[in-house]
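Structure data follow from run.txt (compact mmCIF, C-alpha atoms):
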# COMPACT_ATOMS: atom_id res chain seq x y z
CA HIS A 37 -25.33 -13.20 15.69
CA HIS A 38 -22.55 -15.39 17.03
CA VAL A 39 -20.10 -16.66 14.40
CA GLY A 40 -19.44 -20.32 15.01
CA ASP A 41 -16.87 -22.70 13.57
CA ARG A 42 -19.16 -23.59 10.66
CA GLU A 43 -19.17 -19.94 9.55
CA LYS A 44 -15.38 -19.74 9.53
CA PHE A 45 -13.15 -20.68 6.60
CA THR A 46 -9.49 -21.47 6.19
CA LEU A 47 -7.91 -19.33 3.47
CA ALA A 48 -5.36 -21.27 1.37
CA TYR A 49 -3.13 -19.53 -1.18
CA ASP A 50 -1.81 -21.32 -4.28
CA THR A 51 1.48 -19.66 -5.28
CA GLU A 52 1.44 -21.18 -8.79
CA SER A 53 -2.02 -20.04 -9.86
CA ARG A 54 -2.05 -17.09 -7.45
CA THR A 55 -5.54 -17.96 -6.30
CA PHE A 56 -7.16 -18.41 -2.90
CA SER A 57 -9.39 -21.28 -1.82
CA LEU A 58 -11.86 -21.43 1.04
CA GLU A 59 -11.85 -24.61 3.12
CA THR A 60 -14.85 -25.28 5.35
CA PHE A 61 -14.94 -26.60 8.90
CA GLU A 62 -15.79 -30.06 7.50
CA GLY A 63 -12.76 -30.03 5.16
CA ASN A 64 -14.65 -29.33 1.92
CA PHE A 65 -13.89 -26.47 -0.46
CA VAL A 66 -16.11 -23.65 -1.69
CA SER A 67 -16.63 -23.62 -5.45
CA ALA A 68 -18.14 -21.18 -7.94
CA GLU A 69 -20.27 -23.08 -10.47
CA PRO A 70 -20.95 -21.84 -14.05
CA PRO A 71 -24.67 -21.07 -13.44
CA GLY A 72 -23.61 -18.69 -10.69
CA TRP A 73 -24.10 -21.03 -7.75
CA VAL A 74 -21.70 -21.07 -4.84
CA LEU A 75 -21.36 -24.50 -3.24
CA ALA A 76 -19.35 -25.77 -0.30
CA ASN A 77 -19.20 -29.48 -1.06
CA ARG A 78 -16.04 -30.01 -3.10
CA PRO A 79 -13.84 -32.69 -1.50
CA ARG A 80 -10.66 -31.45 -3.14
CA ASN A 81 -9.14 -28.21 -4.34
CA SER A 82 -8.95 -27.48 -8.10
CA LEU A 83 -9.36 -24.52 -10.44
CA TRP A 84 -13.09 -24.43 -9.81
CA GLU A 85 -12.37 -23.65 -6.17
CA GLY A 86 -9.79 -20.94 -6.89
CA PHE A 87 -10.70 -17.31 -6.25
CA ARG A 88 -8.75 -14.13 -6.91
CA ILE A 89 -8.78 -11.21 -4.52
CA ARG A 90 -9.04 -7.85 -6.19
CA LYS A 91 -7.76 -4.84 -4.31
CA ILE A 92 -10.22 -2.00 -4.72
CA GLN A 93 -8.62 1.39 -4.27
CA GLY A 94 -10.34 3.32 -1.53
CA PRO A 95 -10.86 7.10 -1.56
CA HIS A 96 -7.86 7.57 0.74
CA GLN A 97 -5.57 5.09 -1.01
CA ARG A 98 -3.39 4.89 -4.11
CA PHE A 99 -2.08 1.62 -5.53
CA PRO A 100 0.69 1.23 -8.12
CA ASN A 101 0.30 -1.15 -11.07
CA ASP A 102 3.29 -3.32 -10.14
CA PRO A 103 2.21 -6.98 -10.41
CA ASP A 104 4.08 -8.35 -7.37
CA LEU A 105 2.95 -5.72 -4.90
CA SER A 106 0.80 -8.30 -3.10
CA LYS A 107 3.97 -10.15 -2.05
CA LEU A 108 4.94 -7.17 0.11
CA TRP A 109 2.57 -7.91 2.98
CA ALA A 110 4.19 -5.25 5.16
CA MET A 111 3.17 -2.53 2.66
CA HIS A 112 -0.49 -3.50 2.63
CA SER A 113 -2.32 -6.44 4.15
CA TRP A 114 -5.83 -7.31 5.18
CA GLY A 115 -4.87 -7.29 8.84
CA SER A 116 -3.19 -4.58 10.86
CA HIS A 117 0.37 -5.81 10.37
CA ASP A 118 1.40 -3.29 7.71
CA ILE A 119 2.57 0.29 7.31
CA ASP A 120 -0.50 1.46 5.35
CA ALA A 121 1.60 2.30 2.30
CA PRO A 122 -1.41 2.93 -0.04
CA GLU A 123 -2.64 5.58 2.38
CA ALA A 124 0.79 7.24 2.38
CA TRP A 125 1.05 6.98 -1.43
CA LYS A 126 -2.21 8.90 -1.71
CA MET A 127 -0.34 11.88 -0.24
CA TRP A 128 3.20 11.40 -1.57
CA THR A 129 5.04 8.87 -3.73
CA GLY A 130 8.37 10.61 -4.18
CA GLU A 131 8.03 11.86 -7.76
CA ILE A 132 8.14 15.48 -6.75
CA GLY A 133 11.01 14.85 -4.35
CA GLY A 134 14.68 15.07 -5.14
CA GLY A 135 18.08 15.05 -3.54
CA ILE A 136 17.19 12.32 -1.06
CA ILE A 137 20.02 9.79 -0.73
CA VAL A 138 19.55 6.63 1.31
CA ALA A 139 22.72 4.73 2.18
CA VAL A 140 21.99 1.01 2.40
CA ILE A 141 24.71 -0.48 4.62
CA ASP A 142 24.25 -4.17 4.02
CA THR A 143 25.35 -6.92 1.59
CA GLY A 144 25.50 -4.56 -1.37
CA VAL A 145 22.91 -3.80 -4.04
CA ASP A 146 22.15 -5.31 -7.44
CA TYR A 147 22.47 -1.98 -9.24
CA ASN A 148 21.45 -3.63 -12.55
CA HIS A 149 18.08 -4.71 -11.23
CA GLU A 150 15.22 -3.51 -13.42
CA ASP A 151 13.43 -1.91 -10.48
CA LEU A 152 16.55 -0.28 -9.02
CA LYS A 153 19.00 0.69 -11.77
CA GLU A 154 17.35 4.08 -12.32
CA GLN A 155 17.26 4.69 -8.57
CA MET A 156 20.96 4.27 -7.86
CA TRP A 157 23.09 7.06 -6.46
CA VAL A 158 25.90 8.07 -8.82
CA ASN A 159 29.24 9.47 -7.70
CA ARG A 160 29.63 12.36 -10.14
CA ARG A 161 33.25 12.90 -9.11
CA GLU A 162 34.24 9.49 -10.44
CA ILE A 163 34.66 8.57 -14.14
CA PRO A 164 33.18 5.10 -14.72
CA GLY A 165 35.49 2.32 -15.86
CA ASN A 166 38.73 4.29 -16.23
CA GLY A 167 40.51 2.39 -13.46
CA VAL A 168 41.48 5.61 -11.68
CA ASP A 169 40.54 6.96 -8.26
CA ASP A 170 39.35 10.26 -9.70
CA ASP A 171 38.00 11.75 -6.48
CA GLY A 172 40.93 10.60 -4.36
CA ASN A 173 38.86 8.87 -1.70
CA GLY A 174 40.86 5.65 -1.79
CA PHE A 175 38.49 3.66 -4.02
CA VAL A 176 38.68 3.17 -7.77
CA ASP A 177 35.47 3.49 -9.81
CA ASP A 178 33.16 3.77 -6.80
CA ILE A 179 30.26 4.80 -9.01
CA HIS A 180 27.34 3.53 -6.90
CA GLY A 181 29.11 3.06 -3.57
CA VAL A 182 31.85 0.95 -2.02
CA ASP A 183 32.49 -2.66 -1.04
CA PHE A 184 34.25 -2.39 2.32
CA ALA A 185 34.15 -6.15 2.85
CA ASN A 186 36.42 -6.69 -0.17
CA GLU A 187 38.09 -3.28 -0.27
CA ASP A 188 37.00 -2.18 -3.73
CA GLY A 189 34.65 0.21 -5.46
CA ASP A 190 32.11 -2.37 -6.64
CA PRO A 191 29.31 -2.89 -4.08
CA PHE A 192 27.39 -5.46 -6.15
CA ASP A 193 25.21 -7.70 -3.96
CA ASP A 194 26.45 -11.30 -3.72
CA GLN A 195 23.84 -12.33 -1.17
CA ILE A 196 20.41 -10.68 -1.78
CA HIS A 197 19.48 -8.98 1.47
CA GLY A 198 20.79 -5.54 0.57
CA THR A 199 18.91 -5.62 -2.74
CA HIS A 200 15.74 -6.69 -0.94
CA CYS A 201 16.05 -3.78 1.49
CA SER A 202 16.78 -1.34 -1.34
CA GLY A 203 13.70 -2.50 -3.25
CA THR A 204 11.56 -1.89 -0.17
CA ILE A 205 13.00 1.60 0.13
CA ALA A 206 13.08 2.76 -3.48
CA GLY A 207 11.93 0.13 -5.99
CA ILE A 208 10.41 2.07 -8.91
CA GLY A 209 6.66 2.25 -8.42
CA ASN A 210 3.84 2.23 -10.94
CA ASN A 211 6.02 1.03 -13.82
CA GLY A 212 4.21 -2.30 -14.28
CA ILE A 213 7.31 -4.28 -13.24
CA GLY A 214 8.00 -6.26 -10.10
CA ILE A 215 7.27 -4.45 -6.86
CA ALA A 216 7.06 -0.88 -5.60
CA GLY A 217 9.22 0.69 -2.94
CA ILE A 218 8.04 3.15 -0.35
CA ALA A 219 9.40 5.97 -2.52
CA TRP A 220 8.42 5.35 -6.16
CA ARG A 221 10.82 8.04 -7.42
CA GLY A 222 13.01 10.79 -6.08
CA VAL A 223 15.25 8.67 -3.82
CA ARG A 224 18.76 7.55 -4.71
CA VAL A 225 20.23 4.40 -3.17
CA MET A 226 23.90 4.50 -2.16
CA ALA A 227 25.21 0.92 -1.96
CA LEU A 228 27.63 0.43 0.92
CA LYS A 229 28.61 -3.19 1.32
CA PHE A 230 30.17 -4.34 4.59
CA LEU A 231 28.68 -7.83 4.82
CA LYS A 232 30.08 -10.78 2.88
CA SER A 233 28.00 -13.38 1.05
CA ASP A 234 27.78 -15.50 4.21
CA GLY A 235 26.34 -12.57 6.16
CA SER A 236 29.44 -11.90 8.22
CA GLY A 237 31.07 -8.50 8.51
CA ARG A 238 33.13 -6.20 10.70
CA THR A 239 31.70 -3.39 12.79
CA SER A 240 34.69 -1.27 11.77
CA ASP A 241 33.62 -1.60 8.11
CA ALA A 242 30.08 -0.54 8.99
CA ILE A 243 31.54 2.57 10.65
CA ARG A 244 33.62 3.26 7.53
CA ALA A 245 30.44 2.96 5.47
CA ILE A 246 28.73 5.57 7.62
CA GLU A 247 31.72 7.87 7.26
CA TYR A 248 31.65 7.41 3.45
CA ALA A 249 27.95 8.28 3.34
CA ILE A 250 28.55 11.45 5.37
CA ALA A 251 31.46 12.48 3.16
CA HIS A 252 29.51 12.00 -0.05
Please express what this file holds, its structure, as C-alpha cells.
Amino acid sequence: HHVGDREKFTLAYDTESRTFSLETFEGNFVSAEPPGWVLANRPRNSLWEGFRIRKIQGPHQRFPNDPDLSKLWAMHSWGSHDIDAPEAWKMWTGEIGGGIIVAVIDTGVDYNHEDLKEQMWVNRREIPGNGVDDDGNGFVDDIHGVDFANEDGDPFDDQIHGTHCSGTIAGIGNNGIGIAGIAWRGVRVMALKFLKSDGSGRTSDAIRAIEYAIAH
C-alpha cells in the first residue's frame, strides 16, 4: 500500500510539557478523547493533543533511569543518526572498569557538577588548598587538572563546552539525575583548559595540555 501525504504526520515537540503532537496534512491535530477515541480534527494544539513517547527497552538494549537522556539524540534516536548507546550499554557501562583517564582538552570542566564531581580525576600528589606546588610540576593545587589559558591550577569551566563534552564522556549513568555519559562509571575526567571563555586559545597551550596528560 502506497503511503500518501494524508497518511503522513508532522511530529511537533513541546519542550515545556515534554509532549509530542501529531499534525495532519490538513493542519489539524490528532487528539486522544476520554472514551478512548482517537480523532484528527482538532484545529489547535493543547494538552488533549499531547502524547508522550515511552522508550521500551529491547532485548539487546539497556537504558539508564536518568530523566534527561532523551535530550542526547546522538546516544539514541528513532532514526539512524546515533551511536546506538543502549546497545553498547547492554554489554558494558563502565562499572567494572577502572583506571581509565580521559583528558578533556577544552574550556575546562565544572568539577562540582552533580553528574561529574564523582567522575573527576584527582592528582594524588597534590594536597588540596594548601597553596603549595606539592608535586613540583609548576602548578599550585592542580587537583583536577590545569588551566593553561590563565596559567593556574584551577581548570573550572567558564564557558560550558568542556563540561558538555565531559558529560557525554562520563556523566554518571543510572543515578536518576540529569543525563548519562557513554561510561556510567569507571572513567575519570582530567580537566585541561586551554580555551578562554570566548572560545579562543593557543595551539601551544593545547600541546602543553597533552604533555601534562602524558606526564600524569
Rows by chain and residue number, range 227-247 of chain A within 9 Å of range 128-146 of chain A, shortest pair, all atoms listed in the file, as JSON lines:
{"residue": "A:Ala227", "atom": "CA", "partner": "A:Val140", "partner_atom": "CA", "distance": 5.4}
{"residue": "A:Leu228", "atom": "CA", "partner": "A:Ile141", "partner_atom": "CA", "distance": 4.8}
{"residue": "A:Lys229", "atom": "CA", "partner": "A:Gly144", "partner_atom": "CA", "distance": 4.3}
{"residue": "A:Phe230", "atom": "CA", "partner": "A:Asp142", "partner_atom": "CA", "distance": 5.9}
{"residue": "A:Leu231", "atom": "CA", "partner": "A:Thr143", "partner_atom": "CA", "distance": 4.7}
{"residue": "A:Lys232", "atom": "CA", "partner": "A:Thr143", "partner_atom": "CA", "distance": 6.2}
{"residue": "A:Ser233", "atom": "CA", "partner": "A:Thr143", "partner_atom": "CA", "distance": 7.0}
{"residue": "A:Gly235", "atom": "CA", "partner": "A:Thr143", "partner_atom": "CA", "distance": 7.3}
{"residue": "A:Ala242", "atom": "CA", "partner": "A:Ile141", "partner_atom": "CA", "distance": 6.9}
{"residue": "A:Ala245", "atom": "CA", "partner": "A:Ile141", "partner_atom": "CA", "distance": 6.7}
{"residue": "A:Ile246", "atom": "CA", "partner": "A:Ile141", "partner_atom": "CA", "distance": 7.9}
Contacts of Pro164 in chain A within 8 Å, all atoms listed in the file, excl. fewer than 3 positions in-chain, as a short mmCIF file (atom, residue, chain, number, x, y, z; two decimals) with C-alpha atoms, in the frame of the given file:
data_model
loop_
_atom_site.label_atom_id
_atom_site.label_comp_id
_atom_site.auth_asym_id
_atom_site.auth_seq_id
_atom_site.Cartn_x
_atom_site.Cartn_y
_atom_site.Cartn_z
CA GLY A 167 40.51 2.39 -13.46
CA ASP A 177 35.47 3.49 -9.81
CA ILE A 179 30.26 4.80 -9.01
#
Distance query Phe61 in chain A at most 9 Å, only C-alpha atoms, self and fewer than 5 positions along chain excluded, as number ranges by chain: A: 41-46
All residues 12 Å or closer to Phe99 in chain A, only C-alpha atoms, same chain fewer than 3 positions away omitted, as a ChimeraX atom specification: /A:90-96,102-106,111-112,120-129,209-212,215-218,220
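Close contacts of range 202-204 of chain A, defined as residues with an atom at most 7 Å away when counting all atoms listed in the file, with chain neighbours fewer than 2 positions off set aside, comprise Val140, Leu152, Gly198, Thr199, His200, Ala206, Gly207, Gly217, Ile218 and Val225 of chain A.
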Assuming 8 Å of padding per side, give the centre and edge lengths of the axis-aligned box around every listed atom of range 37-50 of chain A, in Å to one decimal and as lines of an AutoDock Vina configuration file.
center_x = -13.6
center_y = -18.4
center_z = 6.4
size_x = 39.5
size_y = 26.4
size_z = 37.3
